[in-house]
Amino acid sequence: MEVIVSSNPKRDAAGALSQLLAEHAGTPILLMLSGGSALSFLDEVSTDDMGSRVTVTVLDERFSTDPAINNFAQLEQTAFYSASVAQGARAISTRVTPEETIEDVRDSFAAALYTWKTENPDGIVIATMGIGTDGHTAGILPGTYTVDMNGPAWVVGYTVPATVNSYTERVTVTNTFLRICVDAAIVFALGENKREYISQIQAGESALPVVPAGVLQEMRLVTVFTDTATI
């Protein structure tokens, strides 16, 4: 895991993602995008290398029909997504309909990821990620729940208490997926409140149920972009 302290982390994270897309031009790409603050640098990412070989989706989902809450719905509102689709990029949607259960969304998302990997055995998976103020990453929240984030499943759906997170129902890729499927990750983590987590992760001192973002240290190629206030 490489940590880059920048005076303009938004620009540099966008540049790194643009470079990854350019480097793998001609290769099938599954681009998995985190919600929240990690969406904010997409408007500076080049879409020149987006096309039908690229499939865009989210890394995790808030189980809600509300477009102001649902991560994929928010992604659809970005200029990056609109430009990518205009270039021919495909998408795996995790929008929620009123008829669907959290298990339905979990199963359809997992099936779509398995299908993409089966059809693109030489493809590359690129993810954008963040670190929450509670140490979470993707939709993997701190605590011990009935789902196994380190088991064989690539995707889980689960519920947390409102005291843990205001968005209580989540569908997310697991630590297992992050470890074995993500080839490169761009992490966008700003603010002094992230300093302790980044330091713990770098030192290998973060227990995953307490600081889920500790999985970043176990992934293949991770670059963290942060601001000068963090380190």
# chains A, B, ... in the order shown; residues from 1 in each chain; ligands from 1

$ select_by_dssp --residues "range 23-79 of chain A" --states "helix (DSSP H, G or I)" --output "list of chain:residue names"
A:Glu23, A:Gly36, A:Ser37, A:Ala38, A:Leu39, A:Leu42, A:Asp43, A:Glu44, A:Asn71, A:Phe72, A:Ala73, A:Gln74, A:Leu75, A:Glu76, A:Ala79

$ residues_around --residues "range 102-109 of chain A" --least-positions-apart "6" --cutoff "7 Å" --atoms "only C-alpha atoms" --output "list in words"
Phe63, Thr94, Val155, Val156, Gly157 and Val171 of chain A

$ closest_residue --among "A:Ala153, A:Ala38, A:Ile124, A:Ala14" --to "Val54 in chain A" --atoms "only C-alpha atoms"
A:Ile124

$ select_by_dssp --residues "range 108-202 of chain A" --states "strand (DSSP E)" --output "list in words"
Ile124, Val125, Ile126, Ala127, Thr128, Met129, Gly130, Val155, Val156, Gly157, Tyr158, Thr159, Glu169, Arg170, Val171, Thr172, Val173, Ala184, Ala185, Ile186, Val187 and Phe188 of chain A

$ atom_distance --atom1 "CA of Gly51 in chain A" --atom2 "CA of Gly130 in chain A"
25.3 Å

$ residues_around --residues "range 218-223 of chain A" --least-positions-apart "6" --cutoff "8 Å" --atoms "only C-alpha atoms" --output "PyMOL selection string"
chain A and resi 1-4+178-180+182-187

$ atom_distance --atom1 "CA of Ala138 in chain A" --atom2 "CA of Ala73 in chain A"
16.3 Å

$ residues_around --residues "Tyr197 in chain A" --least-positions-apart "2" --cutoff "9 Å" --atoms "only C-alpha atoms" --output "ChimeraX atom specification"
/A:131,133-135,193-195,199-202,206,211,213-214

$ residues_around --residues "Ser6 in chain A" --least-positions-apart "2" --cutoff "8 Å" --atoms "only C-alpha atoms" --output "PDB file with N, CA and C atoms, in the first residue's frame"
ATOM      1  N   ILE A   4       0.177   8.553  -0.765  1.00  0.00           N
ATOM      2  CA  ILE A   4       0.666   9.763  -1.415  1.00  0.00           C
ATOM      3  C   ILE A   4      -0.010  10.970  -0.766  1.00  0.00           C
ATOM      4  N   ASN A   8      -3.054  18.562  -3.678  1.00  0.00           N
ATOM      5  CA  ASN A   8      -4.276  18.505  -4.481  1.00  0.00           C
ATOM      6  C   ASN A   8      -4.626  17.030  -4.728  1.00  0.00           C
ATOM      7  N   PRO A   9      -5.089  16.337  -3.683  1.00  0.00           N
ATOM      8  CA  PRO A   9      -5.343  14.897  -3.807  1.00  0.00           C
ATOM      9  C   PRO A   9      -6.454  14.563  -4.790  1.00  0.00           C
ATOM     10  N   ASP A  12      -4.802  14.489  -8.160  1.00  0.00           N
ATOM     11  CA  ASP A  12      -3.844  13.397  -8.294  1.00  0.00           C
ATOM     12  C   ASP A  12      -4.532  12.034  -8.310  1.00  0.00           C
ATOM     13  N   PHE A 225      -4.538   8.315  -1.697  1.00  0.00           N
ATOM     14  CA  PHE A 225      -4.304   9.749  -1.899  1.00  0.00           C
ATOM     15  C   PHE A 225      -4.951  10.492  -0.740  1.00  0.00           C
ATOM     16  N   THR A 226      -4.133  11.309  -0.070  1.00  0.00           N
ATOM     17  CA  THR A 226      -4.620  12.040   1.086  1.00  0.00           C
ATOM     18  C   THR A 226      -4.052  13.444   1.055  1.00  0.00           C
ATOM     19  N   ASP A 227      -4.569  14.296   1.924  1.00  0.00           N
ATOM     20  CA  ASP A 227      -4.136  15.692   1.949  1.00  0.00           C
ATOM     21  C   ASP A 227      -3.101  15.927   3.037  1.00  0.00           C
ATOM     22  N   THR A 228      -2.508  17.099   3.003  1.00  0.00           N
ATOM     23  CA  THR A 228      -1.428  17.396   3.947  1.00  0.00           C
ATOM     24  C   THR A 228      -1.916  17.493   5.376  1.00  0.00           C
TER      25      THR A 228
END

$ closest_residue --among "A:Thr144, A:Thr115, A:Thr57, A:Thr97" --to "Tyr158 in chain A" --atoms "only C-alpha atoms"
A:Thr144

$ atom_distance --atom1 "CA of Thr47 in chain A" --atom2 "CA of Ala83 in chain A"
6.6 Å

$ closest_residue --among "A:Val56, A:Ala111, A:Val96, A:Ala25" --to "Glu76 in chain A" --atoms "only C-alpha atoms"
A:Val56

$ closest_residue --among "A:Tyr145, A:Trp116, A:Phe188, A:Trp154" --to "Asn175 in chain A" --atoms "only C-alpha atoms"
A:Trp154
